[in-house]
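Colleague: You'll find final-v6.txt just under this line, and it carries compact mmCIF, C-alpha atoms.
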# COMPACT_ATOMS: atom_id res chain seq x y z
CA MET A 1 54.00 -12.60 43.12
CA LYS A 2 54.57 -15.57 45.38
CA TYR A 3 58.00 -14.50 46.64
CA ASP A 4 57.23 -10.98 47.82
CA LEU A 5 56.77 -10.07 51.45
CA PHE A 6 55.29 -6.64 50.69
CA GLY A 7 53.39 -5.45 53.77
CA GLN A 8 54.92 -8.05 56.08
CA GLN A 9 56.35 -6.81 59.37
CA THR A 10 58.69 -7.85 62.12
CA GLU A 11 59.14 -6.27 65.52
CA ARG A 12 61.16 -3.40 64.03
CA LEU A 13 60.79 -3.63 60.25
CA ILE A 14 58.24 -3.19 57.48
CA PHE A 15 58.79 -4.94 54.14
CA ARG A 16 57.74 -3.06 51.04
CA LYS A 17 58.26 -3.11 47.30
CA LEU A 18 61.28 -1.39 45.80
CA ASN A 19 60.18 1.80 44.01
CA GLU A 20 61.96 3.92 41.41
CA SER A 21 61.99 6.74 43.98
CA ASP A 22 64.17 4.60 46.30
CA PHE A 23 67.23 4.89 44.09
CA GLU A 24 68.94 7.77 45.90
CA GLU A 25 68.56 6.15 49.32
CA CYS A 26 69.77 2.78 47.99
CA LEU A 27 72.71 4.49 46.29
CA GLU A 28 74.03 5.31 49.78
CA PHE A 29 74.80 1.59 50.22
CA PHE A 30 76.77 1.36 46.97
CA LEU A 31 78.74 4.55 47.63
CA ASP A 32 80.18 3.13 50.85
CA PRO A 33 83.30 1.10 49.90
CA ARG A 34 82.68 -1.34 52.77
CA SER A 35 79.43 -2.50 51.15
CA ASN A 36 80.96 -4.16 48.12
CA ARG A 37 84.46 -4.91 49.33
CA TYR A 38 84.02 -8.65 48.82
CA TRP A 39 82.17 -8.72 45.54
CA LYS A 40 83.88 -8.58 42.13
CA SER A 41 81.90 -6.76 39.51
CA ASP A 42 82.34 -5.64 35.92
CA THR A 43 82.36 -2.01 37.08
CA THR A 44 84.01 -0.08 39.87
CA ASN A 45 81.70 2.90 39.45
CA SER A 46 79.36 2.87 42.45
CA THR A 47 76.54 4.68 40.70
CA ALA A 48 76.68 2.32 37.71
CA LEU A 49 76.72 -0.65 40.09
CA ALA A 50 73.67 0.73 41.89
CA HIS A 51 71.84 1.16 38.57
CA GLN A 52 72.69 -2.44 37.58
CA TRP A 53 71.45 -3.75 40.92
CA PHE A 54 68.29 -1.64 40.78
CA ASP A 55 67.46 -2.74 37.23
CA ARG A 56 68.07 -6.38 38.18
CA GLN A 57 65.57 -6.16 41.04
CA LEU A 58 62.91 -4.60 38.81
CA TRP A 59 63.57 -7.36 36.25
CA ARG A 60 63.05 -9.95 39.02
CA TYR A 61 59.63 -8.47 39.81
CA GLU A 62 58.57 -8.59 36.17
CA ASN A 63 59.83 -12.16 35.60
CA ASN A 64 58.71 -13.82 38.85
CA LYS A 65 62.32 -14.46 39.88
CA GLY A 66 61.84 -13.29 43.43
CA ALA A 67 61.47 -10.04 45.21
CA ILE A 68 63.88 -7.86 47.09
CA ASN A 69 61.92 -5.99 49.74
CA ILE A 70 62.94 -2.59 51.01
CA LEU A 71 63.28 -2.68 54.80
CA ILE A 72 61.76 0.28 56.62
CA ASN A 73 62.46 0.93 60.28
CA ARG A 74 58.99 1.05 61.86
CA GLU A 75 59.99 3.77 64.32
CA THR A 76 62.01 6.14 62.11
CA GLU A 77 60.36 5.24 58.75
CA LEU A 78 63.84 5.26 57.15
CA ILE A 79 65.22 2.65 54.75
CA VAL A 80 67.75 0.48 56.59
CA GLY A 81 68.42 -2.01 53.78
CA TRP A 82 66.73 -4.77 51.81
CA CYS A 83 66.03 -8.46 52.06
CA GLY A 84 64.07 -10.96 50.08
CA LEU A 85 63.55 -14.32 48.49
CA ILE A 86 65.12 -14.49 45.05
CA VAL A 87 65.56 -17.26 42.50
CA GLN A 88 69.22 -17.88 41.68
CA SER A 89 71.04 -20.31 39.42
CA VAL A 90 73.94 -21.92 41.28
CA ASP A 91 76.08 -24.50 39.53
CA GLY A 92 73.32 -25.02 36.97
CA LYS A 93 70.56 -25.56 39.53
CA GLU A 94 67.73 -23.16 40.31
CA GLU A 95 67.64 -22.32 44.03
CA LEU A 96 65.65 -20.07 46.33
CA GLU A 97 67.94 -17.65 48.15
CA VAL A 98 67.33 -15.44 51.14
CA ALA A 99 69.39 -12.36 50.25
CA TYR A 100 70.04 -9.39 52.50
CA SER A 101 72.00 -6.16 52.57
CA ILE A 102 71.94 -3.46 55.20
CA ILE A 103 73.07 0.15 54.71
CA PRO A 104 76.37 0.40 56.63
CA ILE A 105 75.22 2.99 59.18
CA TYR A 106 72.72 0.35 60.37
CA TRP A 107 75.16 -2.57 60.59
CA ASN A 108 75.30 -4.52 63.85
CA CYS A 109 71.71 -3.68 64.78
CA GLY A 110 70.35 -7.16 64.00
CA TYR A 111 68.23 -6.01 61.04
CA ALA A 112 69.65 -8.58 58.59
CA THR A 113 69.04 -11.47 60.99
CA GLU A 114 65.51 -10.26 61.77
CA ALA A 115 64.57 -9.72 58.13
CA ALA A 116 66.14 -12.97 56.89
CA LYS A 117 64.30 -14.93 59.59
CA ARG A 118 60.98 -13.46 58.44
CA CYS A 119 61.81 -14.41 54.84
CA ILE A 120 62.68 -17.97 55.82
CA ASP A 121 59.49 -18.28 57.87
CA PHE A 122 57.51 -16.92 54.90
CA ALA A 123 59.08 -19.54 52.61
CA ILE A 124 58.09 -22.26 55.08
CA GLU A 125 54.56 -20.92 55.59
CA ASN A 126 53.98 -20.79 51.84
CA ARG A 127 55.88 -23.98 50.97
CA LEU A 128 57.98 -22.15 48.41
CA SER A 129 60.88 -24.61 48.35
CA ASP A 130 62.29 -27.71 50.01
CA SER A 131 65.34 -25.71 51.06
CA ILE A 132 66.70 -22.19 51.11
CA ILE A 133 70.22 -20.96 50.49
CA SER A 134 72.37 -17.88 51.02
CA ILE A 135 75.24 -17.15 48.66
CA ILE A 136 78.01 -15.56 50.73
CA HIS A 137 81.50 -14.50 49.71
CA VAL A 138 84.07 -16.62 51.53
CA ASP A 139 85.50 -13.57 53.33
CA ASN A 140 82.18 -12.07 54.41
CA VAL A 141 82.09 -13.22 58.03
CA GLU A 142 79.33 -10.77 58.95
CA SER A 143 76.87 -12.27 56.46
CA GLU A 144 77.89 -15.77 57.49
CA LYS A 145 76.88 -14.94 61.07
CA VAL A 146 73.42 -13.93 59.88
CA ALA A 147 73.01 -17.20 57.97
CA ILE A 148 74.18 -19.29 60.94
CA LYS A 149 71.86 -17.46 63.37
CA ASN A 150 68.99 -18.40 61.07
CA GLY A 151 69.93 -22.08 60.95
CA LEU A 152 71.74 -22.24 57.62
CA LYS A 153 74.89 -24.33 57.39
CA VAL A 154 77.75 -24.31 54.91
CA GLU A 155 77.05 -26.89 52.24
CA LYS A 156 79.82 -26.20 49.72
CA ARG A 157 82.24 -23.69 48.26
CA THR A 158 81.81 -22.70 44.62
CA THR A 159 82.35 -19.85 42.19
CA TYR A 160 79.41 -17.55 41.58
CA HIS A 161 79.71 -14.71 39.04
CA GLY A 162 83.50 -14.86 39.37
CA ASN A 163 83.42 -14.75 43.17
CA SER A 164 84.51 -17.48 45.57
CA VAL A 165 81.45 -18.12 47.74
CA ASN A 166 80.09 -20.47 50.33
CA ILE A 167 76.60 -21.81 49.79
CA PHE A 168 74.73 -21.94 53.07
CA ARG A 169 71.60 -24.10 53.13
CA LYS A 170 68.66 -24.82 55.38
CA ASN A 171 66.27 -27.64 54.60
CA LEU A 172 62.66 -26.59 55.07
CA TYR A 173 60.62 -29.40 56.53
CA TYR A 174 56.87 -29.43 56.27
CA GLU A 175 54.53 -31.26 58.61
Let's see the structure in the file written out as structure tokens.
Modeller:
Amino acid sequence: MKYDLFGQQTERLIFRKLNESDFEECLEFFLDPRSNRYWKSDTTNSTALAHQWFDRQLWRYENNKGAINILINRETELIVGWCGLIVQSVDGKEELEVAYSIIPIYWNCGYATEAAKRCIDFAIENRLSDSIISIIHVDNVESEKVAIKNGLKVEKRTTYHGNSVNIFRKNLYYE
């Protein structure tokens, strides 16, 4: 699949495919109330939310709608979060998004910035899109900082799945 970074590495991270066996470790993210404090959902049950998210990622793989990559710390070999290039529909337009989430115990370690940068570079190297976006809840300052560090700028505010979000964008120029 053209969007996956499976096997790619950064200084501290290895990107790999999400596996069914990852569910319990990924559930840790959804069980922490800080993880989803900004995002409205049709369920408040953390386990159900994790199952929905997990199923959505597997659907993406099967339908060439992008790929969330599990992020493995190269030193500890533990899952620290996920990041990837996924196809989203925003205001009726198909867009390529760099999406990232880090398990809360690993917040403020720079993993999201490092992983998102690798995804953006991969999109440029493979000419996957003319631009890349991040969809970020208007109150999620932490995720905004990651986008800004990677050169994305606020383009507009909109509603996405019932959530007030800012769309950050970076144009990808090819020589």
Colleague: I'd like the neighbourhood of Ile103 in chain A as JSON, numbers by chain, where a residue qualifies if any of its atoms comes within 7 Å (using all atoms listed in the file), though same-chain residues fewer than 2 positions away should be ignored.
Modeller: {"A": [29, 80, 81, 101, 105, 106, 107]}
Colleague: Which residue out of A:Arg118, A:Arg60, A:Lys170, A:His137 has the minimum interatomic distance to Tyr38 in chain A when all atoms listed in the file are used?
Modeller: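 Under the stated criterion, the closest residue is A:His137.
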Colleague: Need to verify the contact set: range 92-97 of chain A, 7 Å, all atoms listed in the file, exclusion of same-chain residues closer than 4 positions in sequence. Can you return it as a PDB file with C-alpha atoms, keeping the file's coordinate frame?
Modeller:
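Below is the file around-v1.pdb, written as the result:
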ATOM      1  CA  LEU A  85      63.550 -14.320  48.490  1.00  0.00           C
ATOM      2  CA  ILE A  86      65.120 -14.490  45.050  1.00  0.00           C
ATOM      3  CA  VAL A  87      65.560 -17.260  42.500  1.00  0.00           C
ATOM      4  CA  GLN A  88      69.220 -17.880  41.680  1.00  0.00           C
ATOM      5  CA  SER A 129      60.880 -24.610  48.350  1.00  0.00           C
ATOM      6  CA  ILE A 132      66.700 -22.190  51.110  1.00  0.00           C
ATOM      7  CA  ILE A 133      70.220 -20.960  50.490  1.00  0.00           C
ATOM      8  CA  SER A 134      72.370 -17.880  51.020  1.00  0.00           C
TER       9      SER A 134
END
Colleague: With only C-alpha atoms as the counted atoms, please give the residues lying no more than 10 Å from range 63-71 of chain A, apart from itself and same-chain residues fewer than 3 positions off, as JSON, numbers by chain.
Modeller: {"A": [1, 2, 3, 4, 5, 6, 7, 8, 9, 12, 13, 14, 15, 16, 17, 18, 19, 22, 26, 54, 56, 57, 58, 59, 60, 74, 77, 78, 79, 80, 81, 82, 83, 84, 85, 86, 87, 88, 96, 97, 98, 99, 100, 101, 102, 111, 112, 115, 119]}
Colleague: Could you take the residues named above and write them with C-alpha atoms, as a PDB file, in the coordinates of the input?
Modeller:
ATOM      1  CA  MET A   1      54.000 -12.600  43.120  1.00  0.00           C
ATOM      2  CA  LYS A   2      54.570 -15.570  45.380  1.00  0.00           C
ATOM      3  CA  TYR A   3      58.000 -14.500  46.640  1.00  0.00           C
ATOM      4  CA  ASP A   4      57.230 -10.980  47.820  1.00  0.00           C
ATOM      5  CA  LEU A   5      56.770 -10.070  51.450  1.00  0.00           C
ATOM      6  CA  PHE A   6      55.290  -6.640  50.690  1.00  0.00           C
ATOM      7  CA  GLY A   7      53.390  -5.450  53.770  1.00  0.00           C
ATOM      8  CA  GLN A   8      54.920  -8.050  56.080  1.00  0.00           C
ATOM      9  CA  GLN A   9      56.350  -6.810  59.370  1.00  0.00           C
ATOM     10  CA  ARG A  12      61.160  -3.400  64.030  1.00  0.00           C
ATOM     11  CA  LEU A  13      60.790  -3.630  60.250  1.00  0.00           C
ATOM     12  CA  ILE A  14      58.240  -3.190  57.480  1.00  0.00           C
ATOM     13  CA  PHE A  15      58.790  -4.940  54.140  1.00  0.00           C
ATOM     14  CA  ARG A  16      57.740  -3.060  51.040  1.00  0.00           C
ATOM     15  CA  LYS A  17      58.260  -3.110  47.300  1.00  0.00           C
ATOM     16  CA  LEU A  18      61.280  -1.390  45.800  1.00  0.00           C
ATOM     17  CA  ASN A  19      60.180   1.800  44.010  1.00  0.00           C
ATOM     18  CA  ASP A  22      64.170   4.600  46.300  1.00  0.00           C
ATOM     19  CA  CYS A  26      69.770   2.780  47.990  1.00  0.00           C
ATOM     20  CA  PHE A  54      68.290  -1.640  40.780  1.00  0.00           C
ATOM     21  CA  ARG A  56      68.070  -6.380  38.180  1.00  0.00           C
ATOM     22  CA  GLN A  57      65.570  -6.160  41.040  1.00  0.00           C
ATOM     23  CA  LEU A  58      62.910  -4.600  38.810  1.00  0.00           C
ATOM     24  CA  TRP A  59      63.570  -7.360  36.250  1.00  0.00           C
ATOM     25  CA  ARG A  60      63.050  -9.950  39.020  1.00  0.00           C
ATOM     26  CA  ARG A  74      58.990   1.050  61.860  1.00  0.00           C
ATOM     27  CA  GLU A  77      60.360   5.240  58.750  1.00  0.00           C
ATOM     28  CA  LEU A  78      63.840   5.260  57.150  1.00  0.00           C
ATOM     29  CA  ILE A  79      65.220   2.650  54.750  1.00  0.00           C
ATOM     30  CA  VAL A  80      67.750   0.480  56.590  1.00  0.00           C
ATOM     31  CA  GLY A  81      68.420  -2.010  53.780  1.00  0.00           C
ATOM     32  CA  TRP A  82      66.730  -4.770  51.810  1.00  0.00           C
ATOM     33  CA  CYS A  83      66.030  -8.460  52.060  1.00  0.00           C
ATOM     34  CA  GLY A  84      64.070 -10.960  50.080  1.00  0.00           C
ATOM     35  CA  LEU A  85      63.550 -14.320  48.490  1.00  0.00           C
ATOM     36  CA  ILE A  86      65.120 -14.490  45.050  1.00  0.00           C
ATOM     37  CA  VAL A  87      65.560 -17.260  42.500  1.00  0.00           C
ATOM     38  CA  GLN A  88      69.220 -17.880  41.680  1.00  0.00           C
ATOM     39  CA  LEU A  96      65.650 -20.070  46.330  1.00  0.00           C
ATOM     40  CA  GLU A  97      67.940 -17.650  48.150  1.00  0.00           C
ATOM     41  CA  VAL A  98      67.330 -15.440  51.140  1.00  0.00           C
ATOM     42  CA  ALA A  99      69.390 -12.360  50.250  1.00  0.00           C
ATOM     43  CA  TYR A 100      70.040  -9.390  52.500  1.00  0.00           C
ATOM     44  CA  SER A 101      72.000  -6.160  52.570  1.00  0.00           C
ATOM     45  CA  ILE A 102      71.940  -3.460  55.200  1.00  0.00           C
ATOM     46  CA  TYR A 111      68.230  -6.010  61.040  1.00  0.00           C
ATOM     47  CA  ALA A 112      69.650  -8.580  58.590  1.00  0.00           C
ATOM     48  CA  ALA A 115      64.570  -9.720  58.130  1.00  0.00           C
ATOM     49  CA  CYS A 119      61.810 -14.410  54.840  1.00  0.00           C
TER      50      CYS A 119
END
Colleague: Would you work out the distance separating CA of Asn150 in chain A from CA of Ala116 in chain A, expressed in Å to one decimal?
Modeller: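 CA of Ala116 in chain A lies at a distance of 7.4 Å from CA of Asn150 in chain A.
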Colleague: Measuring atom to atom with all atoms listed in the file, identify which of A:Thr113, A:Thr76, A:Ser143, A:Ser164 is nearest to Trp39 in chain A.
Modeller: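 Among A:Thr113, A:Thr76, A:Ser143, A:Ser164, it is A:Ser164 that comes nearest to Trp39 in chain A.
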Colleague: Counting only C-alpha atoms, write as number ranges by chain all protein and nucleic acid residues lying at most 10 Å from (76.8, -25.4, 53.1) in the file's frame.
Modeller: A: 133-135, 152-157, 166-170
Colleague: Given the selection you just returned, output its residues as a file containing C-alpha atoms, formatted as an mmCIF file, in the coordinates of the input.
Modeller:
data_model
loop_
_atom_site.group_PDB
_atom_site.id
_atom_site.type_symbol
_atom_site.label_atom_id
_atom_site.label_comp_id
_atom_site.auth_asym_id
_atom_site.auth_seq_id
_atom_site.Cartn_x
_atom_site.Cartn_y
_atom_site.Cartn_z
ATOM 1 C CA ILE A 133 70.220 -20.960 50.490
ATOM 2 C CA SER A 134 72.370 -17.880 51.020
ATOM 3 C CA ILE A 135 75.240 -17.150 48.660
ATOM 4 C CA LEU A 152 71.740 -22.240 57.620
ATOM 5 C CA LYS A 153 74.890 -24.330 57.390
ATOM 6 C CA VAL A 154 77.750 -24.310 54.910
ATOM 7 C CA GLU A 155 77.050 -26.890 52.240
ATOM 8 C CA LYS A 156 79.820 -26.200 49.720
ATOM 9 C CA ARG A 157 82.240 -23.690 48.260
ATOM 10 C CA ASN A 166 80.090 -20.470 50.330
ATOM 11 C CA ILE A 167 76.600 -21.810 49.790
ATOM 12 C CA PHE A 168 74.730 -21.940 53.070
ATOM 13 C CA ARG A 169 71.600 -24.100 53.130
ATOM 14 C CA LYS A 170 68.660 -24.820 55.380
#
Colleague: Nearest to Val146 in chain A: which of A:Cys109, A:Ile72, A:Leu49, A:Ile124 is it, counting only C-alpha atoms?
Modeller: A:Cys109
Colleague: Since the input lacks atoms, please generate N, CA and C atoms for range 19-54 of chain A and provide them as a CSV table (one decimal), in the frame of the given file.
Modeller:
chain,number,residue,atom,x,y,z
A,19,ASN,N,60.8,0.8,44.9
A,19,ASN,CA,60.2,1.8,44.0
A,19,ASN,C,61.3,2.6,43.3
A,20,GLU,N,61.0,3.1,42.1
A,20,GLU,CA,62.0,3.9,41.4
A,20,GLU,C,62.5,5.1,42.3
A,21,SER,N,61.6,5.6,43.1
A,21,SER,CA,62.0,6.7,44.0
A,21,SER,C,63.0,6.4,45.1
A,22,ASP,N,63.2,5.1,45.3
A,22,ASP,CA,64.2,4.6,46.3
A,22,ASP,C,65.6,4.7,45.9
A,23,PHE,N,65.9,5.0,44.6
A,23,PHE,CA,67.2,4.9,44.1
A,23,PHE,C,68.2,5.7,44.9
A,24,GLU,N,68.0,6.9,45.2
A,24,GLU,CA,68.9,7.8,45.9
A,24,GLU,C,69.3,7.2,47.3
A,25,GLU,N,68.3,6.7,48.0
A,25,GLU,CA,68.6,6.2,49.3
A,25,GLU,C,69.3,4.8,49.2
A,26,CYS,N,69.0,4.0,48.2
A,26,CYS,CA,69.8,2.8,48.0
A,26,CYS,C,71.2,3.1,47.5
A,27,LEU,N,71.4,4.1,46.8
A,27,LEU,CA,72.7,4.5,46.3
A,27,LEU,C,73.7,4.7,47.5
A,28,GLU,N,73.2,5.1,48.6
A,28,GLU,CA,74.0,5.3,49.8
A,28,GLU,C,74.8,4.0,50.1
A,29,PHE,N,74.2,2.9,50.0
A,29,PHE,CA,74.8,1.6,50.2
A,29,PHE,C,76.0,1.4,49.3
A,30,PHE,N,75.8,1.6,48.0
A,30,PHE,CA,76.8,1.4,47.0
A,30,PHE,C,77.9,2.4,47.0
A,31,LEU,N,77.7,3.5,47.5
A,31,LEU,CA,78.7,4.6,47.6
A,31,LEU,C,79.7,4.3,48.8
A,32,ASP,N,79.3,3.5,49.7
A,32,ASP,CA,80.2,3.1,50.8
A,32,ASP,C,81.1,2.0,50.4
A,33,PRO,N,82.4,2.2,50.4
A,33,PRO,CA,83.3,1.1,49.9
A,33,PRO,C,83.2,-0.2,50.7
A,34,ARG,N,82.8,-0.1,51.9
A,34,ARG,CA,82.7,-1.3,52.8
A,34,ARG,C,81.6,-2.3,52.2
A,35,SER,N,80.6,-1.7,51.6
A,35,SER,CA,79.4,-2.5,51.2
A,35,SER,C,79.8,-3.6,50.1
A,36,ASN,N,80.7,-3.2,49.2
A,36,ASN,CA,81.0,-4.2,48.1
A,36,ASN,C,82.4,-4.6,48.1
A,37,ARG,N,83.0,-4.6,49.3
A,37,ARG,CA,84.5,-4.9,49.3
A,37,ARG,C,84.7,-6.4,49.0
A,38,TYR,N,83.8,-7.2,49.1
A,38,TYR,CA,84.0,-8.6,48.8
A,38,TYR,C,83.6,-9.0,47.4
A,39,TRP,N,82.8,-8.3,46.8
A,39,TRP,CA,82.2,-8.7,45.5
A,39,TRP,C,82.8,-8.1,44.3
A,40,LYS,N,83.3,-9.0,43.4
A,40,LYS,CA,83.9,-8.6,42.1
A,40,LYS,C,82.7,-8.2,41.2
A,41,SER,N,82.9,-7.2,40.4
A,41,SER,CA,81.9,-6.8,39.5
A,41,SER,C,82.6,-6.3,38.2
A,42,ASP,N,81.8,-6.1,37.2
A,42,ASP,CA,82.3,-5.6,35.9
A,42,ASP,C,82.5,-4.1,35.9
A,43,THR,N,82.2,-3.5,37.0
A,43,THR,CA,82.4,-2.0,37.1
A,43,THR,C,82.8,-1.6,38.5
A,44,THR,N,83.6,-0.6,38.6
A,44,THR,CA,84.0,-0.1,39.9
A,44,THR,C,83.3,1.2,40.2
A,45,ASN,N,82.5,1.7,39.2
A,45,ASN,CA,81.7,2.9,39.4
A,45,ASN,C,80.5,2.6,40.3
A,46,SER,N,80.4,3.2,41.5
A,46,SER,CA,79.4,2.9,42.4
A,46,SER,C,78.0,3.2,41.9
A,47,THR,N,77.8,4.3,41.2
A,47,THR,CA,76.5,4.7,40.7
A,47,THR,C,76.1,3.7,39.6
A,48,ALA,N,77.0,3.3,38.8
A,48,ALA,CA,76.7,2.3,37.7
A,48,ALA,C,76.3,1.0,38.3
A,49,LEU,N,77.0,0.6,39.4
A,49,LEU,CA,76.7,-0.6,40.1
A,49,LEU,C,75.3,-0.6,40.7
A,50,ALA,N,75.0,0.6,41.3
A,50,ALA,CA,73.7,0.7,41.9
A,50,ALA,C,72.6,0.6,40.8
A,51,HIS,N,72.8,1.2,39.7
A,51,HIS,CA,71.8,1.2,38.6
A,51,HIS,C,71.7,-0.3,38.1
A,52,GLN,N,72.8,-1.0,38.0
A,52,GLN,CA,72.7,-2.4,37.6
A,52,GLN,C,71.9,-3.2,38.6
A,53,TRP,N,72.2,-3.0,39.9
A,53,TRP,CA,71.4,-3.8,40.9
A,53,TRP,C,70.0,-3.4,40.9
A,54,PHE,N,69.7,-2.1,40.8
A,54,PHE,CA,68.3,-1.6,40.8
A,54,PHE,C,67.5,-2.2,39.6
